[in-house]
Amino acid sequence: MQRYILSKKNSITLIGAILIALAFFGRFSLDNMAIFNWSLIIASILGVAPIAIQAFQALKVKVVSIDVLVTIAVIGAVLIQNYEESAIVTFLFLFGSYLEQRTLNKTRSAIKELTELAPESALKQMENGEFEEVDVDDVDEGDILLVKTGAKVPVDGTVLTGEGHINEASITGESLPVSKKVDSEVFAGSILENGTIQIRADRVGEDTTFGRIIELVEEAQDSKSEAERFIDRFSKYYTPAVLVLGFIVWLFSKDIELAITILVLGCPGALVIGVPVSNVAGIGNGARNGVLLKGSEVINDFSRVDTIVFDKTGTLTVGNPEVAEKEFYGNNTEEILGYLASVERESDHPLAKAVLQDIGETTFYTVEETEVVKGGGIVAKIGVHRIAVGNVALMEKENVKLSEKAKKDVERFEKNGNSLVLTAVDGELNVLMGIRDQIRPGVKKDLQNLKKLGVKNLVVLSGDNQGTVDLVARELGLTEAHGHMLPEGKSAYIEKMQAEGGIIAFVGDGVNDSPSLALADIGIAMGSGTDVAIETSDVVLMNSDFSRLPHALGLTKSTSRNMKQNITIAVGVVLVLLASLLFSEWMNMSIGMLVHEASILVVILNGMRLLRYRLRG
Amino acid sequence: MQKAVIQLETLSCPSCMQKIENAVKGLNGVNQDSLKVLFNASKVKVDFDSETITINDIEKAIEDLGYPVVKSKVKSA
């Protein structure tokens, strides 16, 4: 019975509206007070039923909820035969909660979109070898699953047979399909765009990367800041206090009308819902844009950040060194480039890769007696020629004389932040190459946006040499740049900045920077959702996309502001209502309820704006 | 100890949370500290002792308040 009434809440609201309309029609058009009164009485009784049930259930578990206040107020109004008030208040309360639910669903929509990407079923190999469709919850580690074209990969696993292209956008944010073959790792929530594969389940359900992302976001949207916990505690006592106040007023004034009006006006509606609404909309916007924010505390802290520290130049650069400048000495350039490529082909050093990439198509020679000189380079023989490829130190060791021009070139290349690769054939310097990392496209603009958002210090702490770091810093307009930093040095630096009163965000990949990520006021992990990054950081930028950073900062600023606006609206409304009750004539229960419900909708709509937030500029 | 994640129909009033919290806390055999009512996710997470109480008892306590349970998952903690 109870459940039936509760499930018919929407119909009751509609009937209430019709009855109220009928009542006023009866009174003003037909001049019939009986129709007026009886319609309103029926509307009141019908309308108060679901509210009273909820109130009763709340009282059973010792909670004085808003339902309790409203129920008492409505019963009071009926007792003093003010049917108009009782009917309108119940209708407004029910209609308000209907609208609340509708709009709340909107604010939660962004996160819902994410959770709906979760796989629901899987084709599992049964004992007879056939594949059958089962619920994803029934898949265990070690099970063999079949994934067909267009289907979602149900678990994290390894490809056993077959191949295909998989869209991993839900995990990494990368929208280009990735090719998968036997032994490739696949992730739950990604979509097989073509091909058919069989996989072995390695991690299932909440242990999958996608499962953890969802859990993180779900926990985040409901995590509470200090301020929110205060509001919660406050409202726990506030509602009973309003009840007591109403009772005291009645005791002294014997004015039931006044007493029940206080009950309605005192409802804490917008206050309790204002902050969670901003929170869920803000985090939802982030989730949709590849920014995972871990809760409202994080939002508040991040919005006040004044210093952002980057863990390495690789965050700002492509991380893929390229030959930026080169000089040739002597003749036979073609042949010597062939020698160089042949020697470098043997090495997996990042500089060697850059050199090979730069040379491109060439003739390769047989290389003999290859010797790797630690901290220097490579020495090898091609035919009768002795080839030395490496840095200046190696050239000195090999007794290669540098001409005045070459010396100047070396100096210039170093000043430009290059790592040097020199090539000498039979003791003669032939090629000088300067290799450096390229600035990531768009990073400069992103950093400017961060500054516009009020970040004062942009710092890079890098393990690279100071020259490289300075160059990047100068080009990007960073405020500070320190090279030769070890992980301990980075955390010490953060501690120092914090002691000086800075609020620090640390951007790292979470691989060996966990201490700094944890230590900073806000740890920001840039990575494709690696486990460590998800665990230790406060903010995760999916797909290592640097351009998400200004969006994340701007979003937290807007969200934090939005929360404050909502608190102001909620508190303001209660104060204005109570004041107008004391100082004006026109305030009554119906208007009070109307204003309350309106204020709740206003805070929800205000929160909803965050879903559309985009960084300007 | 078992770990339960109970998915409810959408919660729309924050006072629901307090009601559910009190109702579930009042049950024998649930770990009070582990109880989390997630308003936006409309989920209840709680650890309970399967020898004293069953998942059905917990579901019933919540449903009696008027919040239908969509589904629940139990894992050993």
# chains A, B, ... in the order shown; residues from 1 in each chain; ligands from 1
$ residues_around --residues "Val74 (chain A)" --least-positions-apart "2" --cutoff "12 Å" --atoms "only C-alpha atoms" --output "PyMOL selection string"
chain A and resi 40-41+43-49+51-52+67-72+76-93+256-257+259-261+263-264+589-590+593
$ closest_atom_pairs --of "chain B" --to "region 102-111 of chain A" --cutoff "9 Å" --atoms "only C-alpha atoms" --output "CSV"
residue,atom,partner,partner_atom,distance
B:Thr10,CA,A:Asn105,CA,8.1
B:Ser12,CA,A:Leu104,CA,7.0
B:Asn40,CA,A:Arg108,CA,7.0
B:Ala41,CA,A:Arg108,CA,8.4
$ closest_residue --among "B:Ser15, B:Asn56, B:Ser76, B:Asn28" --to "chain A" --atoms "only C-alpha atoms"
B:Ser15
$ interface_residues --of "chain A" --to "chain B" --cutoff "6 Å" --atoms "only C-alpha atoms" --output "list in words"
Gln57, Ala58, Val61, Gln101 and Asp222 of chain A
$ select_by_dssp --residues "region 225-320 of chain A" --states "alpha helix (DSSP H)" --output "number ranges by chain"
A: 226-253, 256-265, 269-288, 296-303, 313-316
$ select_by_dssp --residues "region 389-476 of chain A" --states "strand (DSSP E or B)" --output "list in words"
Val389, Gly390, Ser419, Leu420, Val421, Leu422, Thr423, Ala424, Val425, Glu428, Leu429, Asn430, Val431, Leu432, Met433, Gly434, Ile435, Arg436, Ile439, Asn457, Leu458, Val459, Val460 and Leu461 of chain A
$ residues_around --residues "Val455 (chain A)" --least-positions-apart "4" --cutoff "8 Å" --atoms "only C-alpha atoms" --output "PyMOL selection string"
chain A and resi 305-308+450-451
$ residues_around --residues "Glu475 (chain A)" --least-positions-apart "5" --cutoff "9 Å" --atoms "only C-alpha atoms" --output "ChimeraX atom specification"
/A:439,444,470
$ residues_around --residues "Phe48 (chain B)" --least-positions-apart "5" --cutoff "10 Å" --atoms "only C-alpha atoms" --output "list in words"
Met1, Gln2, Lys3, Ala4, Leu27, Asn28, Gly29, Val30, Asn31, Gln32, Ser34, Leu35, Ile53, Thr54, Ile55, Ile58, Val74, Ser76 and Ala77 of chain B
$ write_last_selection --atoms "all heavy atoms" --output "compact mmCIF listing (two decimals), in the first residue's frame"
# COMPACT_ATOMS: atom_id res chain seq x y z
N MET B 1 33.27 -11.19 6.67
CA MET B 1 32.65 -9.93 6.20
C MET B 1 32.38 -9.97 4.70
O MET B 1 33.24 -10.37 3.92
CB MET B 1 33.59 -8.75 6.49
CG MET B 1 33.40 -8.14 7.87
SD MET B 1 31.84 -7.26 8.00
CE MET B 1 31.70 -7.08 9.77
N GLN B 2 31.23 -9.56 4.32
CA GLN B 2 30.88 -9.45 2.91
C GLN B 2 30.74 -7.97 2.56
O GLN B 2 30.40 -7.16 3.42
CB GLN B 2 29.53 -10.12 2.63
CG GLN B 2 29.46 -11.56 3.05
CD GLN B 2 29.92 -12.48 1.95
OE1 GLN B 2 31.09 -12.81 1.85
NE2 GLN B 2 29.01 -12.87 1.09
N LYS B 3 31.00 -7.68 1.30
CA LYS B 3 30.92 -6.29 0.87
C LYS B 3 29.74 -6.18 -0.09
O LYS B 3 29.68 -6.90 -1.07
CB LYS B 3 32.21 -5.98 0.11
CG LYS B 3 32.66 -4.56 0.16
CD LYS B 3 33.90 -4.43 -0.72
CE LYS B 3 34.67 -3.16 -0.45
NZ LYS B 3 35.10 -2.96 0.92
N ALA B 4 28.80 -5.30 0.22
CA ALA B 4 27.64 -5.16 -0.64
C ALA B 4 27.62 -3.81 -1.33
O ALA B 4 27.96 -2.79 -0.73
CB ALA B 4 26.36 -5.32 0.17
N LEU B 27 20.70 -1.75 11.68
CA LEU B 27 20.61 -3.20 11.51
C LEU B 27 21.74 -3.90 12.26
O LEU B 27 22.85 -3.39 12.35
CB LEU B 27 20.69 -3.56 10.02
CG LEU B 27 19.56 -3.05 9.14
CD1 LEU B 27 19.90 -3.30 7.68
CD2 LEU B 27 18.25 -3.71 9.51
N ASN B 28 21.42 -5.10 12.75
CA ASN B 28 22.43 -5.90 13.41
C ASN B 28 23.32 -6.57 12.38
O ASN B 28 22.83 -7.13 11.42
CB ASN B 28 21.73 -6.96 14.25
CG ASN B 28 22.16 -6.86 15.69
OD1 ASN B 28 23.21 -6.25 15.99
ND2 ASN B 28 21.36 -7.42 16.57
N GLY B 29 24.62 -6.53 12.58
CA GLY B 29 25.50 -7.28 11.69
C GLY B 29 26.10 -6.47 10.56
O GLY B 29 26.85 -7.01 9.76
N VAL B 30 25.78 -5.17 10.47
CA VAL B 30 26.45 -4.37 9.45
C VAL B 30 27.57 -3.57 10.11
O VAL B 30 27.46 -3.18 11.27
CB VAL B 30 25.50 -3.40 8.71
CG1 VAL B 30 24.36 -4.14 8.07
CG2 VAL B 30 24.99 -2.32 9.63
N ASN B 31 28.61 -3.37 9.35
CA ASN B 31 29.72 -2.58 9.84
C ASN B 31 29.40 -1.10 9.63
O ASN B 31 29.39 -0.60 8.51
CB ASN B 31 30.99 -2.98 9.09
CG ASN B 31 32.19 -2.17 9.49
OD1 ASN B 31 32.07 -1.17 10.20
ND2 ASN B 31 33.35 -2.60 9.06
N GLN B 32 29.12 -0.42 10.74
CA GLN B 32 28.63 0.96 10.64
C GLN B 32 29.63 1.90 9.97
O GLN B 32 29.25 2.81 9.25
CB GLN B 32 28.30 1.49 12.03
CG GLN B 32 27.23 0.67 12.72
CD GLN B 32 26.58 1.42 13.85
OE1 GLN B 32 27.07 2.47 14.27
NE2 GLN B 32 25.47 0.91 14.34
N SER B 34 31.70 1.26 7.68
CA SER B 34 31.90 1.04 6.25
C SER B 34 30.76 1.61 5.42
O SER B 34 30.84 1.69 4.21
CB SER B 34 32.01 -0.46 5.98
OG SER B 34 30.73 -1.05 6.15
N LEU B 35 29.68 2.00 6.10
CA LEU B 35 28.48 2.41 5.36
C LEU B 35 28.70 3.72 4.61
O LEU B 35 29.15 4.71 5.16
CB LEU B 35 27.31 2.59 6.33
CG LEU B 35 26.02 3.12 5.68
CD1 LEU B 35 25.43 2.12 4.73
CD2 LEU B 35 25.01 3.50 6.74
N ILE B 53 23.37 -11.45 9.27
CA ILE B 53 22.37 -10.76 8.46
C ILE B 53 22.57 -11.11 6.99
O ILE B 53 23.70 -11.40 6.57
CB ILE B 53 22.48 -9.23 8.69
CG1 ILE B 53 21.28 -8.50 8.10
CG2 ILE B 53 23.77 -8.68 8.11
CD1 ILE B 53 21.20 -7.06 8.56
N THR B 54 21.49 -11.12 6.22
CA THR B 54 21.63 -11.43 4.80
C THR B 54 21.45 -10.15 4.00
O THR B 54 20.93 -9.16 4.50
CB THR B 54 20.56 -12.43 4.32
OG1 THR B 54 19.30 -11.78 4.40
CG2 THR B 54 20.57 -13.68 5.16
N ILE B 55 21.87 -10.21 2.76
CA ILE B 55 21.73 -9.06 1.88
C ILE B 55 20.25 -8.71 1.72
O ILE B 55 19.88 -7.54 1.61
CB ILE B 55 22.42 -9.32 0.52
CG1 ILE B 55 22.29 -8.11 -0.42
CG2 ILE B 55 21.87 -10.56 -0.17
CD1 ILE B 55 23.18 -6.97 -0.08
N ILE B 58 19.05 -6.36 4.40
CA ILE B 58 19.49 -4.98 4.18
C ILE B 58 18.62 -4.34 3.09
O ILE B 58 18.13 -3.22 3.23
CB ILE B 58 20.98 -4.93 3.77
CG1 ILE B 58 21.83 -5.60 4.86
CG2 ILE B 58 21.42 -3.50 3.54
CD1 ILE B 58 23.30 -5.68 4.52
N VAL B 74 27.21 -8.66 -4.16
CA VAL B 74 27.90 -9.00 -2.92
C VAL B 74 29.22 -9.66 -3.26
O VAL B 74 29.30 -10.52 -4.13
CB VAL B 74 27.04 -9.95 -2.06
CG1 VAL B 74 27.78 -10.30 -0.78
CG2 VAL B 74 25.71 -9.32 -1.76
N SER B 76 32.99 -11.08 -1.30
CA SER B 76 33.62 -11.29 0.00
C SER B 76 34.74 -10.27 0.15
O SER B 76 35.52 -10.03 -0.76
CB SER B 76 34.16 -12.71 0.09
OG SER B 76 34.94 -12.98 -1.04
N ALA B 77 34.75 -9.66 1.32
CA ALA B 77 35.73 -8.59 1.53
C ALA B 77 36.98 -9.13 2.22
O ALA B 77 36.90 -10.08 2.97
CB ALA B 77 35.13 -7.49 2.38
$ residues_around --residues "region 380-386 of chain A" --least-positions-apart "6" --cutoff "6 Å" --atoms "only C-alpha atoms" --output "ChimeraX atom specification"
/A:367-370,425-426
$ write_last_selection --atoms "all heavy atoms" --output "PDB file, in the first residue's frame"
ATOM      1  N   VAL A 367      78.839  -3.567 -40.602  1.00  0.00           N
ATOM      2  CA  VAL A 367      79.591  -2.973 -39.499  1.00  0.00           C
ATOM      3  C   VAL A 367      80.266  -4.078 -38.709  1.00  0.00           C
ATOM      4  O   VAL A 367      79.660  -5.096 -38.402  1.00  0.00           O
ATOM      5  CB  VAL A 367      78.640  -2.175 -38.586  1.00  0.00           C
ATOM      6  CG1 VAL A 367      79.402  -1.548 -37.430  1.00  0.00           C
ATOM      7  CG2 VAL A 367      77.917  -1.116 -39.390  1.00  0.00           C
ATOM      8  N   GLU A 368      81.555  -3.875 -38.374  1.00  0.00           N
ATOM      9  CA  GLU A 368      82.285  -4.883 -37.592  1.00  0.00           C
ATOM     10  C   GLU A 368      82.901  -4.256 -36.360  1.00  0.00           C
ATOM     11  O   GLU A 368      83.082  -3.041 -36.296  1.00  0.00           O
ATOM     12  CB  GLU A 368      83.397  -5.505 -38.443  1.00  0.00           C
ATOM     13  CG  GLU A 368      82.850  -6.438 -39.514  1.00  0.00           C
ATOM     14  CD  GLU A 368      83.889  -6.711 -40.598  1.00  0.00           C
ATOM     15  OE1 GLU A 368      84.891  -5.973 -40.658  1.00  0.00           O
ATOM     16  OE2 GLU A 368      83.687  -7.653 -41.370  1.00  0.00           O
ATOM     17  N   GLU A 369      83.244  -5.107 -35.409  1.00  0.00           N
ATOM     18  CA  GLU A 369      83.969  -4.690 -34.201  1.00  0.00           C
ATOM     19  C   GLU A 369      83.303  -3.516 -33.501  1.00  0.00           C
ATOM     20  O   GLU A 369      83.957  -2.568 -33.083  1.00  0.00           O
ATOM     21  CB  GLU A 369      85.430  -4.319 -34.540  1.00  0.00           C
ATOM     22  CG  GLU A 369      86.231  -5.501 -35.061  1.00  0.00           C
ATOM     23  CD  GLU A 369      87.607  -5.060 -35.560  1.00  0.00           C
ATOM     24  OE1 GLU A 369      88.189  -4.167 -34.908  1.00  0.00           O
ATOM     25  OE2 GLU A 369      88.060  -5.597 -36.582  1.00  0.00           O
ATOM     26  N   THR A 370      81.998  -3.591 -33.387  1.00  0.00           N
ATOM     27  CA  THR A 370      81.274  -2.513 -32.711  1.00  0.00           C
ATOM     28  C   THR A 370      81.627  -2.478 -31.234  1.00  0.00           C
ATOM     29  O   THR A 370      81.628  -3.511 -30.566  1.00  0.00           O
ATOM     30  CB  THR A 370      79.754  -2.711 -32.854  1.00  0.00           C
ATOM     31  OG1 THR A 370      79.462  -2.863 -34.235  1.00  0.00           O
ATOM     32  CG2 THR A 370      78.997  -1.544 -32.272  1.00  0.00           C
ATOM     33  N   VAL A 425      85.315   9.979 -39.228  1.00  0.00           N
ATOM     34  CA  VAL A 425      85.798   8.830 -39.985  1.00  0.00           C
ATOM     35  C   VAL A 425      87.315   8.928 -40.062  1.00  0.00           C
ATOM     36  O   VAL A 425      87.845   9.951 -40.483  1.00  0.00           O
ATOM     37  CB  VAL A 425      85.185   8.796 -41.402  1.00  0.00           C
ATOM     38  CG1 VAL A 425      85.748   7.602 -42.189  1.00  0.00           C
ATOM     39  CG2 VAL A 425      83.679   8.732 -41.335  1.00  0.00           C
ATOM     40  N   ASP A 426      87.975   7.867 -39.567  1.00  0.00           N
ATOM     41  CA  ASP A 426      89.436   7.823 -39.530  1.00  0.00           C
ATOM     42  C   ASP A 426      90.018   9.084 -38.899  1.00  0.00           C
ATOM     43  O   ASP A 426      90.944   9.707 -39.445  1.00  0.00           O
ATOM     44  CB  ASP A 426      90.008   7.639 -40.956  1.00  0.00           C
ATOM     45  CG  ASP A 426      89.535   6.313 -41.551  1.00  0.00           C
ATOM     46  OD1 ASP A 426      89.346   5.362 -40.755  1.00  0.00           O
ATOM     47  OD2 ASP A 426      89.314   6.261 -42.770  1.00  0.00           O
TER      48      ASP A 426
END
$ atom_distance --atom1 "CA of Phe56 (chain A)" --atom2 "CA of Lys45 (chain B)"
24.6 Å
$ residues_around --residues "Asn566 (chain A)" --least-positions-apart "2" --cutoff "12 Å" --atoms "only C-alpha atoms" --output "ChimeraX atom specification"
/A:269-279,559-564,568-573,599-608
